[in-house]
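Single-structure report; data block below.
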Amino acid sequence: PNADSSRCETRVVIPYPNAHYPGHHQPYFPPHLLRCPPGTNRLLLALWPIHFPRMIELEHVSKNYGSVAAVRDVSLSLGRGQVVGLLGPNGAGKSTIIKMVACLLAPTLGRVRVCGHDTIDASAEVRSQIGYLPEFAPLYPEMTAEGYLRYRAGLYRLSRAERYAGIEMAIDRCHLREMRSRRISALSKGYRQRVGLAAAILHEPRVVILDEPTTGLDPAQIRQPRALLRELAPDKL
């Protein structure tokens, strides 16, 4: 409460996920949630509880490096069809959170689940459900773009049919058809990023995790990964 009666409490109703999520409709907003009674100056967010499949869950997650806290008590829940970005200055812990979700780091405290699987107790199941592109894609410059994708498909233990379909899908979605036979060492920065992105999606993961995928790209090159994220969003996170 605030003694200044000229201030009012504002409640913002946010339906989630977005209104066009399959099987759901725009909810009815009870009028009392939209009133502005006097007495406070707080902004309250009233989230409308539409149920959605949870893809990533963090429960009071912290990560410490000795006495340094890189991440402190983070909780969130993300569902299918959402495109979510982590924003913050350098050193805020964004990449640390991403690496914990991708099973590359274990949290000091708390729990991380992906598609219902714990990243510590069921890391193999989590890894099979995610496509991960780190800030610097782990490419082999002596390989061709297609050869690298075949190598990555083998790591995912895809069948021959799944491997062929996944590689062709990834090449088409990342616009690599004209570059598929070129060595990665001969590709521009933008095309190298595309190869890394293609490798992250060729096994049709349910969750796609990208760590600064547009770093070093010019404005024209940035549009392509953004468009691809919008294309993938309805069925994935």
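Chain identifiers are assigned as A, B, and so on, following the order in which chains appear in the structure tokens; residues are numbered from 1 within each chain, and ligands are numbered from 1 in order of appearance.
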
Can you tell me which residues surround A:Tyr65 at a distance of at most 12 Å, considering only C-alpha atoms, apart from same-chain residues fewer than 3 positions away, and format the answer as number ranges by chain?
A: 62, 68-72, 93, 96, 105-108

Stretch 63-206 of chain A: which residues are helix (DSSP H, G or I) by DSSP, as an MDAnalysis selection string?
chainID A and resid 94:101 123:129 145:155 160:173 177:179 184:186 189:201

Shell of 9 Å around A:Ile167, only C-alpha atoms, local chain residues under 6 positions omitted, as a list in words:
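Here the qualifying residues turn out to be Glu146, Leu149, Arg150, Ala153, Ala198, Ala199, Leu202 and His203 of chain A.
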
Those residues with all heavy atoms, as an mmCIF file, in the first residue's frame please?
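Saved file part-v5.cif follows:
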```
data_model
loop_
_atom_site.group_PDB
_atom_site.id
_atom_site.type_symbol
_atom_site.label_atom_id
_atom_site.label_comp_id
_atom_site.auth_asym_id
_atom_site.auth_seq_id
_atom_site.Cartn_x
_atom_site.Cartn_y
_atom_site.Cartn_z
ATOM 1 N N GLU A 146 28.248 -31.009 -46.417
ATOM 2 C CA GLU A 146 27.432 -32.227 -46.371
ATOM 3 C C GLU A 146 28.143 -33.331 -45.597
ATOM 4 O O GLU A 146 27.511 -34.086 -44.845
ATOM 5 C CB GLU A 146 27.100 -32.690 -47.779
ATOM 6 C CG GLU A 146 26.187 -33.901 -47.806
ATOM 7 C CD GLU A 146 25.786 -34.312 -49.211
ATOM 8 O OE1 GLU A 146 26.239 -33.663 -50.171
ATOM 9 O OE2 GLU A 146 25.010 -35.281 -49.342
ATOM 10 N N LEU A 149 27.633 -32.785 -41.963
ATOM 11 C CA LEU A 149 26.277 -33.138 -41.536
ATOM 12 C C LEU A 149 26.106 -34.650 -41.462
ATOM 13 O O LEU A 149 25.410 -35.157 -40.580
ATOM 14 C CB LEU A 149 25.253 -32.522 -42.485
ATOM 15 C CG LEU A 149 25.202 -30.989 -42.501
ATOM 16 C CD1 LEU A 149 24.145 -30.501 -43.485
ATOM 17 C CD2 LEU A 149 24.932 -30.433 -41.109
ATOM 18 N N ARG A 150 26.731 -35.386 -42.375
ATOM 19 C CA ARG A 150 26.673 -36.854 -42.299
ATOM 20 C C ARG A 150 27.358 -37.337 -41.011
ATOM 21 O O ARG A 150 26.880 -38.269 -40.356
ATOM 22 C CB ARG A 150 27.325 -37.480 -43.520
ATOM 23 C CG ARG A 150 26.505 -37.406 -44.790
ATOM 24 C CD ARG A 150 26.959 -38.446 -45.804
ATOM 25 N NE ARG A 150 28.377 -38.296 -46.131
ATOM 26 C CZ ARG A 150 28.840 -37.557 -47.140
ATOM 27 N NH1 ARG A 150 27.998 -36.901 -47.920
ATOM 28 N NH2 ARG A 150 30.137 -37.474 -47.371
ATOM 29 N N ALA A 153 25.054 -36.618 -38.125
ATOM 30 C CA ALA A 153 23.915 -37.542 -38.137
ATOM 31 C C ALA A 153 24.315 -38.894 -37.561
ATOM 32 O O ALA A 153 23.521 -39.548 -36.871
ATOM 33 C CB ALA A 153 23.383 -37.696 -39.556
ATOM 34 N N ALA A 198 22.365 -26.088 -39.190
ATOM 35 C CA ALA A 198 21.834 -27.287 -39.845
ATOM 36 C C ALA A 198 22.152 -28.537 -39.032
ATOM 37 O O ALA A 198 21.310 -29.430 -38.881
ATOM 38 C CB ALA A 198 22.402 -27.411 -41.262
ATOM 39 N N ALA A 199 23.355 -28.599 -38.475
ATOM 40 C CA ALA A 199 23.737 -29.754 -37.651
ATOM 41 C C ALA A 199 22.904 -29.836 -36.388
ATOM 42 O O ALA A 199 22.650 -30.933 -35.866
ATOM 43 C CB ALA A 199 25.223 -29.669 -37.307
ATOM 44 N N LEU A 202 19.146 -31.263 -37.644
ATOM 45 C CA LEU A 202 18.935 -32.357 -38.616
ATOM 46 C C LEU A 202 18.279 -33.585 -38.009
ATOM 47 O O LEU A 202 17.680 -34.398 -38.723
ATOM 48 C CB LEU A 202 20.252 -32.716 -39.309
ATOM 49 C CG LEU A 202 21.400 -33.326 -38.504
ATOM 50 C CD1 LEU A 202 21.268 -34.829 -38.331
ATOM 51 C CD2 LEU A 202 22.728 -33.009 -39.183
ATOM 52 N N HIS A 203 18.361 -33.760 -36.686
ATOM 53 C CA HIS A 203 17.734 -34.920 -36.047
ATOM 54 C C HIS A 203 16.343 -34.590 -35.509
ATOM 55 O O HIS A 203 15.791 -35.355 -34.722
ATOM 56 C CB HIS A 203 18.624 -35.461 -34.929
ATOM 57 C CG HIS A 203 18.892 -34.484 -33.821
ATOM 58 N ND1 HIS A 203 19.489 -33.260 -34.029
ATOM 59 C CD2 HIS A 203 18.649 -34.544 -32.485
ATOM 60 C CE1 HIS A 203 19.599 -32.625 -32.876
ATOM 61 N NE2 HIS A 203 19.088 -33.380 -31.928
#
```

For the interface of stretch 72-141 of chain A with stretch 209-221 of chain A (cut-off 8 Å, counting only C-alpha atoms), please tabulate each contacting residue of stretch 72-141 of chain A alongside its nearest pair of atoms and their separation in Å to one decimal, rows sorted by chain and increasing number, as a tab-separated table.
```
residue	atom	partner	partner_atom	distance
A:Ser95	CA	A:Asp211	CA	6.8
A:Ile98	CA	A:Asp211	CA	7.3
A:Ala102	CA	A:Ile209	CA	7.7
A:Ile130	CA	A:Ile209	CA	7.1
A:Gly131	CA	A:Ile209	CA	6.0
A:Tyr132	CA	A:Ile209	CA	4.8
A:Leu133	CA	A:Leu210	CA	4.9
A:Pro134	CA	A:Asp211	CA	4.9
A:Glu135	CA	A:Asp211	CA	4.9
```

Go ahead and dump the residues you just picked, N, CA, C and O atoms, as a short mmCIF file (atom, residue, chain, number, x, y, z; two decimals), in the first residue's frame.
```cif
data_model
loop_
_atom_site.label_atom_id
_atom_site.label_comp_id
_atom_site.auth_asym_id
_atom_site.auth_seq_id
_atom_site.Cartn_x
_atom_site.Cartn_y
_atom_site.Cartn_z
N SER A 95 25.12 -17.68 -20.85
CA SER A 95 25.72 -18.90 -21.42
C SER A 95 25.80 -20.02 -20.39
O SER A 95 25.67 -21.20 -20.74
N ILE A 98 22.43 -21.66 -20.40
CA ILE A 98 22.29 -22.46 -21.63
C ILE A 98 23.07 -23.77 -21.49
O ILE A 98 22.58 -24.84 -21.86
N ALA A 102 21.78 -27.64 -21.66
CA ALA A 102 22.33 -28.54 -22.67
C ALA A 102 23.17 -29.67 -22.08
O ALA A 102 23.83 -30.39 -22.83
N ILE A 130 17.45 -32.42 -27.73
CA ILE A 130 17.84 -31.04 -27.97
C ILE A 130 18.78 -30.92 -29.17
O ILE A 130 19.50 -31.86 -29.52
N GLY A 131 18.72 -29.77 -29.82
CA GLY A 131 19.72 -29.38 -30.80
C GLY A 131 20.44 -28.16 -30.26
O GLY A 131 19.81 -27.17 -29.92
N TYR A 132 21.77 -28.24 -30.17
CA TYR A 132 22.53 -27.19 -29.49
C TYR A 132 23.58 -26.61 -30.43
O TYR A 132 24.37 -27.35 -31.03
N LEU A 133 23.58 -25.30 -30.57
CA LEU A 133 24.60 -24.59 -31.34
C LEU A 133 25.30 -23.62 -30.40
O LEU A 133 24.71 -22.61 -29.99
N PRO A 134 26.56 -23.89 -30.02
CA PRO A 134 27.28 -22.96 -29.15
C PRO A 134 27.66 -21.69 -29.90
O PRO A 134 27.46 -21.59 -31.12
N GLU A 135 28.20 -20.73 -29.18
CA GLU A 135 28.56 -19.45 -29.79
C GLU A 135 29.55 -19.64 -30.93
O GLU A 135 29.45 -18.98 -31.97
#
```

List as an MDAnalysis selection string the protein and nucleic acid residues near A:Gln224, meaning an atom at most 9 Å away when only C-alpha atoms are counted, but skip any in the same chain fewer than 3 places from it.
chainID A and resid 174:175 194 220:221 227:229

Just list the residues in stretch 66-132 of chain A DSSP gives strand (DSSP E or B) on the backbone, as a ChimeraX atom specification.
/A:68-79,109-114,117-118,130-132

Okay, now the selection with N, CA, C and O atoms, as a tab-separated table (two decimals), in the first residue's frame?
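Below you can see result.tsv, which holds the result:
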```
chain	number	residue	atom	x	y	z
A	68	VAL	N	32.44	-17.59	-6.43
A	68	VAL	CA	31.78	-16.71	-7.40
A	68	VAL	C	30.46	-17.34	-7.84
A	68	VAL	O	30.43	-18.49	-8.30
A	69	ALA	N	29.37	-16.59	-7.70
A	69	ALA	CA	28.06	-17.06	-8.14
A	69	ALA	C	27.80	-16.58	-9.56
A	69	ALA	O	27.58	-15.39	-9.80
A	70	ALA	N	27.83	-17.51	-10.53
A	70	ALA	CA	27.57	-17.16	-11.92
A	70	ALA	C	26.07	-17.06	-12.19
A	70	ALA	O	25.62	-16.23	-12.98
A	71	VAL	N	25.29	-17.93	-11.53
A	71	VAL	CA	23.83	-17.93	-11.65
A	71	VAL	C	23.27	-18.11	-10.24
A	71	VAL	O	23.75	-18.97	-9.49
A	72	ARG	N	22.25	-17.34	-9.91
A	72	ARG	CA	21.75	-17.38	-8.54
A	72	ARG	C	20.22	-17.50	-8.53
A	72	ARG	O	19.51	-16.60	-8.98
A	73	ASP	N	19.72	-18.66	-8.10
A	73	ASP	CA	18.30	-18.89	-7.82
A	73	ASP	C	17.39	-18.50	-9.00
A	73	ASP	O	16.51	-17.66	-8.88
A	74	VAL	N	17.62	-19.14	-10.14
A	74	VAL	CA	16.82	-18.89	-11.34
A	74	VAL	C	15.74	-19.95	-11.46
A	74	VAL	O	16.03	-21.16	-11.39
A	75	SER	N	14.50	-19.53	-11.68
A	75	SER	CA	13.39	-20.44	-11.91
A	75	SER	C	12.62	-19.96	-13.14
A	75	SER	O	12.35	-18.77	-13.28
A	76	LEU	N	12.30	-20.88	-14.03
A	76	LEU	CA	11.48	-20.55	-15.19
A	76	LEU	C	10.89	-21.82	-15.77
A	76	LEU	O	11.37	-22.93	-15.51
A	77	SER	N	9.84	-21.66	-16.56
A	77	SER	CA	9.17	-22.78	-17.22
A	77	SER	C	8.79	-22.33	-18.63
A	77	SER	O	8.10	-21.32	-18.79
A	78	LEU	N	9.23	-23.07	-19.62
A	78	LEU	CA	9.02	-22.70	-21.02
A	78	LEU	C	8.29	-23.83	-21.73
A	78	LEU	O	8.56	-25.01	-21.48
A	79	GLY	N	7.38	-23.46	-22.63
A	79	GLY	CA	6.56	-24.45	-23.31
A	79	GLY	C	6.75	-24.46	-24.81
A	79	GLY	O	7.40	-23.59	-25.39
A	109	LEU	N	23.08	-25.94	-7.29
A	109	LEU	CA	21.83	-26.12	-6.55
A	109	LEU	C	20.67	-26.10	-7.54
A	109	LEU	O	20.76	-25.50	-8.61
A	110	GLY	N	19.57	-26.75	-7.15
A	110	GLY	CA	18.38	-26.72	-7.98
A	110	GLY	C	18.32	-27.85	-8.98
A	110	GLY	O	19.17	-28.75	-9.00
A	111	ARG	N	17.30	-27.79	-9.83
A	111	ARG	CA	17.04	-28.86	-10.79
A	111	ARG	C	16.71	-28.27	-12.15
A	111	ARG	O	16.00	-27.27	-12.24
A	112	VAL	N	17.22	-28.93	-13.20
A	112	VAL	CA	16.92	-28.56	-14.59
A	112	VAL	C	16.30	-29.77	-15.28
A	112	VAL	O	16.85	-30.88	-15.21
A	113	ARG	N	15.14	-29.56	-15.91
A	113	ARG	CA	14.48	-30.63	-16.66
A	113	ARG	C	14.21	-30.17	-18.08
A	113	ARG	O	13.81	-29.03	-18.31
A	114	VAL	N	14.42	-31.06	-19.03
A	114	VAL	CA	14.13	-30.81	-20.44
A	114	VAL	C	13.23	-31.92	-20.94
A	114	VAL	O	13.58	-33.10	-20.84
A	117	HIS	N	12.75	-34.70	-18.54
A	117	HIS	CA	13.92	-35.48	-18.10
A	117	HIS	C	14.89	-34.59	-17.33
A	117	HIS	O	15.19	-33.47	-17.74
A	118	ASP	N	15.40	-35.11	-16.23
A	118	ASP	CA	16.38	-34.39	-15.44
A	118	ASP	C	17.73	-34.40	-16.15
A	118	ASP	O	18.17	-35.45	-16.64
A	130	ILE	N	17.45	-32.42	-27.73
A	130	ILE	CA	17.84	-31.04	-27.97
A	130	ILE	C	18.78	-30.92	-29.17
A	130	ILE	O	19.50	-31.86	-29.52
A	131	GLY	N	18.72	-29.77	-29.82
A	131	GLY	CA	19.72	-29.38	-30.80
A	131	GLY	C	20.44	-28.16	-30.26
A	131	GLY	O	19.81	-27.17	-29.92
A	132	TYR	N	21.77	-28.24	-30.17
A	132	TYR	CA	22.53	-27.19	-29.49
A	132	TYR	C	23.58	-26.61	-30.43
A	132	TYR	O	24.37	-27.35	-31.03
```
